[in-house]
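Shown next: input-v9.cif, given as mmCIF, C-alpha atoms.
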data_final
#
loop_
_atom_site.label_atom_id
_atom_site.label_comp_id
_atom_site.auth_asym_id
_atom_site.auth_seq_id
_atom_site.Cartn_x
_atom_site.Cartn_y
_atom_site.Cartn_z
CA SER R 1412 -4.72 15.41 9.70
CA ALA R 1413 -2.63 16.44 12.70
CA ASP R 1414 1.16 16.71 12.42
CA LEU R 1415 3.33 16.00 15.44
CA ASP R 1416 6.72 14.36 15.99
CA LEU R 1417 6.62 12.69 19.39
CA SER R 1418 10.09 11.17 19.42
CA GLU R 1419 13.17 11.03 17.25
CA GLU R 1420 13.46 7.33 18.04
CA VAL R 1421 10.12 5.88 17.06
CA GLU R 1422 9.08 2.31 16.41
CA SER R 1423 6.55 3.06 13.70
CA SER R 1424 4.15 5.78 12.67
CA VAL R 1425 0.45 6.11 13.25
CA GLU R 1426 -1.17 8.37 10.70
CA THR R 1427 -4.34 9.82 12.09
CA HIS R 1428 -6.99 10.90 9.63
CA VAL R 1429 -9.35 13.15 11.55
CA GLN R 1430 -12.92 13.50 10.40
CA GLU R 1431 -13.92 16.93 11.74
CA ASN R 1432 -17.44 15.92 12.49
CA ASN R 1433 -18.68 16.15 16.03
CA SER R 1434 -22.07 14.57 15.40
CA GLN R 1435 -23.25 12.25 18.14
CA LEU R 1436 -23.70 8.54 17.59
CA SER R 1437 -27.42 8.40 16.98
CA ASN R 1438 -29.53 6.78 19.65
CA PHE R 1439 -26.53 5.38 21.52
CA ASN R 1440 -27.74 3.60 24.63
CA GLU R 1441 -25.60 1.43 26.88
CA ASN R 1442 -28.55 -0.44 28.28
CA HIS R 1443 -27.26 -3.63 29.92
CA SER R 1444 -30.61 -4.95 31.13
CA ILE R 1445 -30.32 -7.83 28.68
CA LEU R 1446 -26.60 -8.51 29.12
CA ASP R 1447 -24.15 -8.77 31.96
CA LYS R 1448 -22.08 -5.57 32.23
CA ASN R 1449 -18.84 -7.53 32.03
CA SER R 1450 -19.91 -9.74 29.13
CA HIS R 1451 -17.74 -9.77 26.06
CA ILE R 1452 -16.96 -12.02 23.13
CA PRO R 1453 -13.58 -13.79 23.51
CA ALA R 1454 -11.22 -13.52 20.57
CA SER R 1455 -10.77 -16.44 18.19
CA GLU R 1456 -10.13 -17.13 14.51
CA LEU R 1457 -13.01 -17.85 12.15
CA ILE R 1458 -12.14 -20.64 9.75
CA ILE R 1459 -14.12 -20.52 6.49
CA THR R 1460 -14.98 -24.02 5.27
CA ARG R 1461 -17.90 -23.37 2.93
CA ILE R 1462 -19.81 -20.51 1.33
CA PHE R 1463 -23.39 -21.45 0.71
CA VAL R 1464 -26.17 -21.78 3.27
CA SER R 1465 -26.20 -25.27 4.73
CA LYS R 1466 -28.91 -27.15 6.61
CA ASP R 1467 -26.19 -29.09 8.36
CA PRO R 1468 -25.73 -27.49 11.81
CA ILE R 1469 -22.12 -28.69 11.94
CA MET R 1470 -21.21 -26.51 8.96
CA PRO R 1471 -21.81 -22.80 9.62
CA PHE R 1472 -23.38 -20.88 6.76
CA VAL R 1473 -21.83 -17.79 5.23
CA LEU R 1474 -23.81 -16.72 2.16
CA PRO R 1475 -27.11 -17.35 0.42
CA SER R 1476 -27.14 -18.17 -3.31
CA SER R 1477 -27.43 -14.50 -4.36
CA LEU R 1478 -26.58 -11.05 -2.98
CA MET R 1479 -28.27 -7.67 -3.36
CA ILE R 1480 -25.66 -4.93 -3.80
CA GLU R 1481 -25.24 -1.16 -4.03
CA ARG R 1482 -22.41 1.14 -5.10
CA VAL R 1483 -20.88 3.16 -2.25
CA PHE R 1484 -17.66 4.69 -3.58
CA THR R 1485 -16.08 5.82 -6.85
CA SER R 1486 -12.52 7.13 -6.90
CA ILE R 1487 -11.71 10.11 -9.10
CA MET R 1488 -8.56 9.44 -11.11
CA ASN R 1489 -7.47 11.83 -13.84
CA ASP R 1490 -5.18 9.38 -15.58
CA LYS R 1491 -6.69 6.06 -14.54
CA GLU R 1492 -9.98 4.26 -14.70
CA PRO R 1493 -11.92 5.02 -11.50
CA THR R 1494 -12.19 2.36 -8.82
CA VAL R 1495 -15.73 1.49 -7.77
CA LEU R 1496 -16.60 -0.17 -4.47
CA TYR R 1497 -19.81 -2.04 -3.73
CA LYS R 1498 -21.37 -3.36 -0.55
CA ARG R 1499 -24.14 -5.76 0.35
CA CYS R 1500 -27.48 -4.04 0.97
CA LEU R 1501 -28.63 -3.94 4.59
CA SER R 1502 -32.09 -5.11 3.53
CA ASP R 1503 -30.50 -8.24 2.03
CA ILE R 1504 -28.65 -8.90 5.29
CA LYS R 1505 -31.87 -8.55 7.28
CA PHE R 1506 -33.64 -10.94 4.92
CA GLN R 1507 -30.96 -13.60 5.41
CA ILE R 1508 -31.08 -13.14 9.17
CA ALA R 1509 -34.82 -13.73 9.14
CA GLN R 1510 -34.44 -16.85 7.00
CA ASN R 1511 -31.65 -18.43 9.01
CA ASP R 1512 -32.25 -17.51 12.63
CA GLU R 1513 -33.22 -21.06 13.55
CA LEU R 1514 -30.11 -22.48 11.88
CA GLU R 1515 -27.94 -19.90 13.63
CA SER R 1516 -29.27 -21.00 17.00
CA GLU R 1517 -28.35 -24.61 16.23
CA VAL R 1518 -24.86 -23.74 15.04
CA ASN R 1519 -23.99 -21.36 17.86
CA GLN R 1520 -25.95 -22.53 20.85
CA ASN R 1521 -23.88 -20.64 23.45
CA SER R 1522 -24.40 -17.15 22.02
CA HIS R 1523 -27.22 -14.77 21.28
CA SER R 1524 -28.90 -15.30 17.90
CA THR R 1525 -28.25 -13.03 14.93
CA ALA R 1526 -31.89 -12.01 15.00
CA LYS R 1527 -31.34 -10.73 18.54
CA ILE R 1528 -28.65 -8.39 17.21
CA LEU R 1529 -31.16 -7.04 14.71
CA GLU R 1530 -33.76 -6.59 17.43
CA LEU R 1531 -31.37 -4.75 19.75
CA THR R 1532 -30.08 -2.43 17.03
CA VAL R 1533 -33.49 -1.03 16.13
CA ASP R 1534 -32.92 1.73 18.70
CA ASN R 1535 -29.16 1.35 19.32
CA ASP R 1536 -26.19 1.64 16.97
CA VAL R 1537 -24.04 -0.16 19.54
CA VAL R 1538 -24.74 -2.52 22.44
CA HIS R 1539 -21.56 -2.67 24.53
CA GLY R 1540 -20.23 -6.16 25.14
CA PHE R 1541 -22.53 -7.70 22.55
CA TYR R 1542 -22.65 -5.77 19.28
CA GLU R 1543 -20.26 -3.05 18.08
CA GLY R 1544 -22.11 -1.61 15.10
CA GLY R 1545 -20.74 -3.80 12.30
CA LEU R 1546 -23.95 -4.01 10.26
CA LYS R 1547 -23.79 -0.29 9.53
CA THR R 1548 -21.35 1.39 7.15
CA TRP R 1549 -20.00 4.32 9.17
CA GLU R 1550 -19.10 7.69 7.69
CA CYS R 1551 -15.41 7.58 8.57
CA SER R 1552 -15.03 4.24 6.77
CA LEU R 1553 -15.82 5.97 3.49
CA ASP R 1554 -13.62 8.92 4.50
CA LEU R 1555 -10.72 6.54 4.99
CA VAL R 1556 -11.33 4.93 1.59
CA GLU R 1557 -11.19 8.35 -0.03
CA TYR R 1558 -8.05 9.25 1.91
CA LEU R 1559 -6.29 6.02 0.91
CA SER R 1560 -7.29 6.50 -2.72
CA ILE R 1561 -5.34 9.78 -2.70
CA LYS R 1562 -2.52 8.96 -0.29
CA LEU R 1563 -1.59 5.58 -1.78
CA LYS R 1564 -2.67 5.96 -5.40
CA ASP R 1565 0.91 5.72 -6.75
CA VAL R 1566 2.29 3.43 -4.04
CA ASN R 1567 3.05 -0.21 -4.82
CA LEU R 1568 2.03 -2.32 -1.80
CA SER R 1569 2.88 -5.67 -3.35
CA GLY R 1570 3.84 -8.17 -0.66
CA ASN R 1571 2.49 -6.03 2.18
CA LYS R 1572 0.36 -7.37 5.02
CA VAL R 1573 -2.76 -5.42 6.01
CA LEU R 1574 -5.05 -5.81 9.02
CA GLU R 1575 -8.37 -3.99 9.47
CA LEU R 1576 -9.53 -3.81 13.09
CA GLY R 1577 -13.25 -3.51 13.79
CA CYS R 1578 -13.75 -3.97 10.06
CA GLY R 1579 -17.55 -4.25 9.71
CA SER R 1580 -18.20 -3.51 6.04
CA ALA R 1581 -14.38 -3.49 5.60
CA LEU R 1582 -14.41 -0.97 2.75
CA PRO R 1583 -10.94 0.54 3.45
CA SER R 1584 -9.15 -2.81 3.37
CA ILE R 1585 -11.28 -4.02 0.46
CA TYR R 1586 -10.26 -0.89 -1.45
CA LEU R 1587 -6.60 -1.85 -1.03
CA LEU R 1588 -7.39 -5.48 -1.85
CA SER R 1589 -9.13 -4.50 -5.09
CA THR R 1590 -6.52 -1.98 -6.27
CA GLN R 1591 -3.26 -3.68 -5.29
CA HIS R 1592 -1.64 -6.94 -6.40
CA SER R 1593 -0.15 -9.67 -4.18
CA LEU R 1594 -1.53 -8.09 -1.02
CA CYS R 1595 -2.34 -10.11 2.11
CA VAL R 1596 -5.35 -8.61 3.94
CA ASP R 1597 -6.74 -9.90 7.26
CA PHE R 1598 -9.98 -8.81 8.91
CA GLN R 1599 -11.17 -8.49 12.51
CA ASP R 1600 -14.59 -7.65 13.91
CA TYR R 1601 -16.15 -8.08 17.33
CA ASN R 1602 -19.02 -10.17 15.97
CA GLU R 1603 -18.75 -13.40 14.00
CA ASP R 1604 -22.12 -12.67 12.41
CA VAL R 1605 -20.81 -9.38 11.02
CA LEU R 1606 -17.87 -11.18 9.41
CA LYS R 1607 -20.18 -13.75 7.81
CA LEU R 1608 -23.03 -11.46 6.79
CA VAL R 1609 -21.20 -8.25 5.90
CA THR R 1610 -17.40 -8.50 5.63
CA ILE R 1611 -17.10 -11.71 3.60
CA PRO R 1612 -19.90 -10.83 1.14
CA ASN R 1613 -18.32 -7.41 0.56
CA ILE R 1614 -14.92 -8.99 -0.13
CA LEU R 1615 -16.42 -11.32 -2.74
CA ILE R 1616 -18.60 -8.60 -4.28
CA ASN R 1617 -15.50 -6.51 -4.97
CA THR R 1618 -13.25 -9.36 -6.14
CA VAL R 1619 -14.37 -12.64 -7.70
CA LEU R 1620 -18.06 -11.65 -7.95
CA ARG R 1621 -17.43 -8.10 -9.09
CA PRO R 1622 -20.32 -6.82 -11.26
CA GLN R 1623 -19.52 -6.01 -14.88
CA SER R 1624 -21.98 -3.13 -14.96
CA ASP R 1625 -23.34 -0.55 -12.50
CA ASP R 1626 -26.83 -1.61 -13.55
CA ILE R 1627 -26.44 -4.97 -11.81
CA LEU R 1628 -28.17 -4.95 -8.42
CA GLU R 1629 -28.12 -8.69 -7.69
CA LEU R 1630 -25.24 -11.15 -7.95
CA ASP R 1631 -25.60 -14.91 -8.17
CA ILE R 1632 -22.96 -16.95 -6.37
CA VAL R 1633 -22.47 -19.71 -8.91
CA GLU R 1634 -18.88 -20.79 -8.24
CA GLU R 1635 -18.17 -21.71 -4.64
CA THR R 1636 -14.59 -22.83 -5.32
CA SER R 1637 -13.37 -19.46 -6.62
CA CYS R 1638 -15.01 -17.72 -3.66
CA LEU R 1639 -13.31 -20.03 -1.19
CA ASN R 1640 -9.97 -19.57 -2.93
CA GLN R 1641 -10.31 -15.80 -2.56
CA LEU R 1642 -11.15 -16.07 1.15
CA LYS R 1643 -8.27 -18.47 1.83
CA ASN R 1644 -5.90 -15.56 1.14
CA SER R 1645 -7.15 -13.85 4.31
CA ARG R 1646 -7.59 -14.61 8.00
CA PHE R 1647 -10.71 -13.62 9.90
CA PHE R 1648 -10.68 -12.83 13.60
CA LYS R 1649 -13.64 -12.29 15.90
CA GLY R 1650 -14.05 -11.13 19.48
CA ASP R 1651 -12.61 -8.63 21.93
CA TRP R 1652 -9.31 -6.86 21.30
CA ASN R 1653 -7.98 -7.80 24.74
CA GLU R 1654 -7.28 -11.38 23.62
CA LEU R 1655 -6.56 -10.61 19.96
CA THR R 1656 -2.79 -10.31 20.31
CA ASP R 1657 -2.59 -13.93 21.49
CA ILE R 1658 -4.75 -15.13 18.59
CA LEU R 1659 -2.71 -13.21 16.00
CA ASN R 1660 0.32 -15.21 17.16
CA LEU R 1661 2.95 -12.82 15.80
CA HIS R 1662 6.32 -14.15 16.94
CA SER R 1663 8.62 -12.08 14.75
CA ASN R 1664 8.67 -8.62 13.26
CA GLN R 1665 8.47 -10.15 9.78
CA GLU R 1666 5.07 -11.65 10.64
CA LYS R 1667 3.64 -8.30 11.69
CA TYR R 1668 1.52 -5.97 9.56
CA ASP R 1669 2.79 -3.22 7.27
CA ILE R 1670 -0.55 -1.42 7.42
CA ILE R 1671 -3.29 -1.41 10.07
CA LEU R 1672 -6.65 0.22 9.35
CA SER R 1673 -9.51 1.12 11.69
CA SER R 1674 -12.60 3.32 11.33
CA GLU R 1675 -14.90 4.65 14.06
CA THR R 1676 -13.77 2.06 16.60
CA ILE R 1677 -12.75 4.33 19.48
CA TYR R 1678 -16.07 6.03 20.18
CA ASN R 1679 -15.86 4.60 23.70
CA LEU R 1680 -13.01 5.50 26.08
CA ASN R 1681 -12.61 1.85 27.11
CA SER R 1682 -11.77 0.91 23.52
CA ILE R 1683 -8.86 3.33 23.18
CA PRO R 1684 -6.16 1.43 25.16
CA LYS R 1685 -7.30 -1.84 23.60
CA LEU R 1686 -6.86 -0.54 20.05
CA TYR R 1687 -3.54 1.07 20.95
CA ASN R 1688 -2.18 -2.17 22.43
CA VAL R 1689 -3.14 -4.20 19.36
CA ILE R 1690 -1.43 -1.68 17.09
CA LYS R 1691 1.64 -1.63 19.33
CA HIS R 1692 1.82 -5.43 19.21
CA ALA R 1693 0.98 -6.00 15.55
CA LEU R 1694 2.51 -3.12 13.58
CA LYS R 1695 5.79 -3.85 11.82
CA TYR R 1696 8.97 -2.01 12.86
CA PRO R 1697 10.21 0.48 11.71
CA ASN R 1698 8.04 1.43 8.71
CA GLY R 1699 4.59 0.14 9.64
CA VAL R 1700 1.73 2.65 9.37
CA ALA R 1701 -1.69 2.63 11.04
CA TYR R 1702 -4.45 4.73 9.48
CA ILE R 1703 -7.14 5.55 12.05
CA ALA R 1704 -10.32 7.33 10.93
CA THR R 1705 -12.57 8.64 13.67
CA LYS R 1706 -14.55 11.68 14.75
CA THR R 1707 -12.88 14.36 16.86
CA ILE R 1708 -15.16 13.54 19.77
CA TYR R 1709 -18.23 11.41 20.38
CA PHE R 1710 -20.55 13.35 22.66
CA GLY R 1711 -22.00 11.35 25.52
CA VAL R 1712 -19.54 8.44 25.33
CA GLY R 1713 -16.19 10.21 25.64
CA GLY R 1714 -14.17 8.61 22.86
CA GLY R 1715 -12.65 10.14 19.74
CA ILE R 1716 -9.37 11.26 18.29
CA LEU R 1717 -8.41 13.60 21.13
CA PRO R 1718 -8.07 11.03 23.95
CA PHE R 1719 -6.51 8.55 21.52
CA ARG R 1720 -3.88 11.09 20.54
CA GLN R 1721 -3.23 11.91 24.20
CA LEU R 1722 -2.45 8.25 24.87
CA ILE R 1723 -0.04 8.11 21.92
CA GLU R 1724 1.74 11.25 23.10
CA LYS R 1725 2.03 9.87 26.63
CA GLU R 1726 3.49 6.53 25.49
CA GLN R 1727 5.93 8.12 23.00
CA VAL R 1728 6.25 4.95 20.97
CA PHE R 1729 4.72 6.14 17.71
CA GLU R 1730 5.09 9.19 15.54
CA VAL R 1731 1.77 10.91 14.78
CA ASN R 1732 1.14 12.75 11.52
#

Take the structure in this file and express it as structure tokens.
Amino acid sequence: SADLDLSEEVESSVETHVQENNSQLSNFNENHSILDKNSHIPASELIITRIFVSKDPIMPFVLPSSLMIERVFTSIMNDKEPTVLYKRCLSDIKFQIAQNDELESEVNQNSHSTAKILELTVDNDVVHGFYEGGLKTWECSLDLVEYLSIKLKDVNLSGNKVLELGCGSALPSIYLLSTQHSLCVDFQDYNEDVLKLVTIPNILINTVLRPQSDDILELDIVEETSCLNQLKNSRFFKGDWNELTDILNLHSNQEKYDIILSSETIYNLNSIPKLYNVIKHALKYPNGVAYIATKTIYFGVGGGILPFRQLIEKEQVFEVN
């Protein structure tokens, strides 16, 4: 972490967890031959109305009847039972995509199919303006989970509001959701398909569907009502950060978030001011905290913690630790 007081009169604090890993995003390729260079997904809120796969094109599907899972994190607590986090297996996601591509085209006729995302990401972790890497669980996401497990292990966050930006697998916010009581957690990702195929399954896997044993590799979704009740406690936002502040609709400081989380979302220089502006708009004054986990620098694309920190220092709105 980097310690720096930027101003004695600060609105909030942004705590920057720096992963000292300068490895390049593998196979990154901003090839826009398929997409318009200025294309982007407009922000909107995803309303969850059902869980199971539906043949009715009016009702968007979220989950199949069972999920393949794997363990990805175990906290080490000397005086407490360790917290275990699970995620949906990528192979299971790919299988559902293959099964439901035709249905997806019917439901969302004005966008590229989910199968197209899978096709494009064979050689690219990110396709700018179309897909921002949400199917993959990035290294800094797990780093942030570990950091939160230490930093907040004795902190009571009851009644707090949490927002994860560019959530993808959403493990940091799910960690807080699974270890704290009476916590309101909202999720945002660029792609609706990532929210439906990755984020929402991971929430349910670690809450109402939580396995009773590490030996369990497949979970049956037998109770749709309890799953829906869990998801109703959260809001889900999709699309570009530029329009997100309008969709969040935060009219008062009380409506803003106590904690904002984000992992590996500023690999591109163009994303840095967007993330900063959302945090500036959505973080509660004066005690809100944003935890940002990212690499020091992403070679070839220019983003990373250094230019993000430079922007914060220039604006002098937040304190950086």

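Against this structure, the PyMOL selection byres ((chain R and resi 1552) around 10) ends up with Thr1548, Trp1549, Glu1550, Cys1551, Leu1553, Asp1554, Leu1555, Val1556, Glu1557, Tyr1558, Cys1578, Gly1579, Ser1580, Ala1581, Leu1582, Pro1583, Ser1584, Leu1672, Ser1673, Ser1674, Glu1675, Ile1703, Ala1704 and Thr1705 of chain R.
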
Save out the residues we just selected, C-alpha atoms, as a compact mmCIF listing (two decimals), in the coordinates of the input.
# COMPACT_ATOMS: atom_id res chain seq x y z
CA THR R 1548 -21.35 1.39 7.15
CA TRP R 1549 -20.00 4.32 9.17
CA GLU R 1550 -19.10 7.69 7.69
CA CYS R 1551 -15.41 7.58 8.57
CA LEU R 1553 -15.82 5.97 3.49
CA ASP R 1554 -13.62 8.92 4.50
CA LEU R 1555 -10.72 6.54 4.99
CA VAL R 1556 -11.33 4.93 1.59
CA GLU R 1557 -11.19 8.35 -0.03
CA TYR R 1558 -8.05 9.25 1.91
CA CYS R 1578 -13.75 -3.97 10.06
CA GLY R 1579 -17.55 -4.25 9.71
CA SER R 1580 -18.20 -3.51 6.04
CA ALA R 1581 -14.38 -3.49 5.60
CA LEU R 1582 -14.41 -0.97 2.75
CA PRO R 1583 -10.94 0.54 3.45
CA SER R 1584 -9.15 -2.81 3.37
CA LEU R 1672 -6.65 0.22 9.35
CA SER R 1673 -9.51 1.12 11.69
CA SER R 1674 -12.60 3.32 11.33
CA GLU R 1675 -14.90 4.65 14.06
CA ILE R 1703 -7.14 5.55 12.05
CA ALA R 1704 -10.32 7.33 10.93
CA THR R 1705 -12.57 8.64 13.67

Q.
Neighbouring residues of region 1640-1654 of chain R were defined as those with any atom within 10 Å, considering all atoms listed in the file; residues of the same chain fewer than 4 positions away were excluded. Please report them as JSON, numbers by chain.
A. {"R": [1451, 1452, 1453, 1454, 1455, 1456, 1457, 1458, 1459, 1460, 1462, 1540, 1541, 1572, 1573, 1574, 1575, 1576, 1577, 1593, 1594, 1595, 1596, 1597, 1598, 1599, 1600, 1601, 1602, 1603, 1604, 1605, 1606, 1607, 1610, 1611, 1614, 1615, 1618, 1619, 1635, 1636, 1658, 1659, 1682, 1684, 1685, 1686, 1687, 1688, 1689]}

Q) In Å, how far is it from CA of Tyr1678 (chain R) to CA of Leu1722 (chain R)? A) 14.6 Å

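The space between CA of Val1700 (chain R) and CA of Asn1679 (chain R) spans 22.8 Å.
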
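Interatomic distance, CA of Leu1630 (chain R) against CA of Lys1564 (chain R): 28.4 Å.
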
Could you give me the centre and size, in Å to one decimal, of an axis-aligned box around all listed atoms of region 1721-1730 of chain R with 8 Å added on every side, as lines of an AutoDock Vina configuration file?
center_x = 1.5
center_y = 8.4
center_z = 21.1
size_x = 25.5
size_y = 23.0
size_z = 27.1

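Once the PyMOL selection byres ((chain R and resi 1627) around 12) is applied to the depicted file, the selected set reads Leu1478, Met1479, Ile1480, Glu1481, Arg1482, Tyr1497, Ile1616, Leu1620, Arg1621, Pro1622, Gln1623, Ser1624, Asp1625, Asp1626, Leu1628, Glu1629, Leu1630 and Asp1631 of chain R.
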
Q: May I have the residues within 9 Å of Arg1720 (chain R) as a list in words, using only C-alpha atoms and disregarding those fewer than 4 positions away in the same chain?
A: Thr1427, Gly1715, Ile1716, Glu1724, Lys1725 and Val1731 of chain R

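Nearest-residue note for Cys1638 (chain R): choosing from R:Asn1571, R:Asp1669, R:Pro1612, R:Ile1683, the minimum distance belongs to R:Pro1612, counting all atoms listed in the file.
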
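Comparing R:Ala1693, R:Arg1461, R:Thr1590, R:Ser1476 by their smallest distance to Pro1493 (chain R), the closest is R:Thr1590 (using all atoms listed in the file).
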
Q: For Leu1501 (chain R), please output as a PyMOL selection string all residues within 9 Å (counting all atoms listed in the file; exclusion window: fewer than 4 positions along the same chain).
A: chain R and resi 1479-1480+1505-1506+1546-1547+1609

Got time to write the residues from that selection, C-alpha atoms, as a compact mmCIF listing (two decimals), in the coordinates of the input?
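Resulting contents of part.txt:
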# COMPACT_ATOMS: atom_id res chain seq x y z
CA MET R 1479 -28.27 -7.67 -3.36
CA ILE R 1480 -25.66 -4.93 -3.80
CA LYS R 1505 -31.87 -8.55 7.28
CA PHE R 1506 -33.64 -10.94 4.92
CA LEU R 1546 -23.95 -4.01 10.26
CA LYS R 1547 -23.79 -0.29 9.53
CA VAL R 1609 -21.20 -8.25 5.90
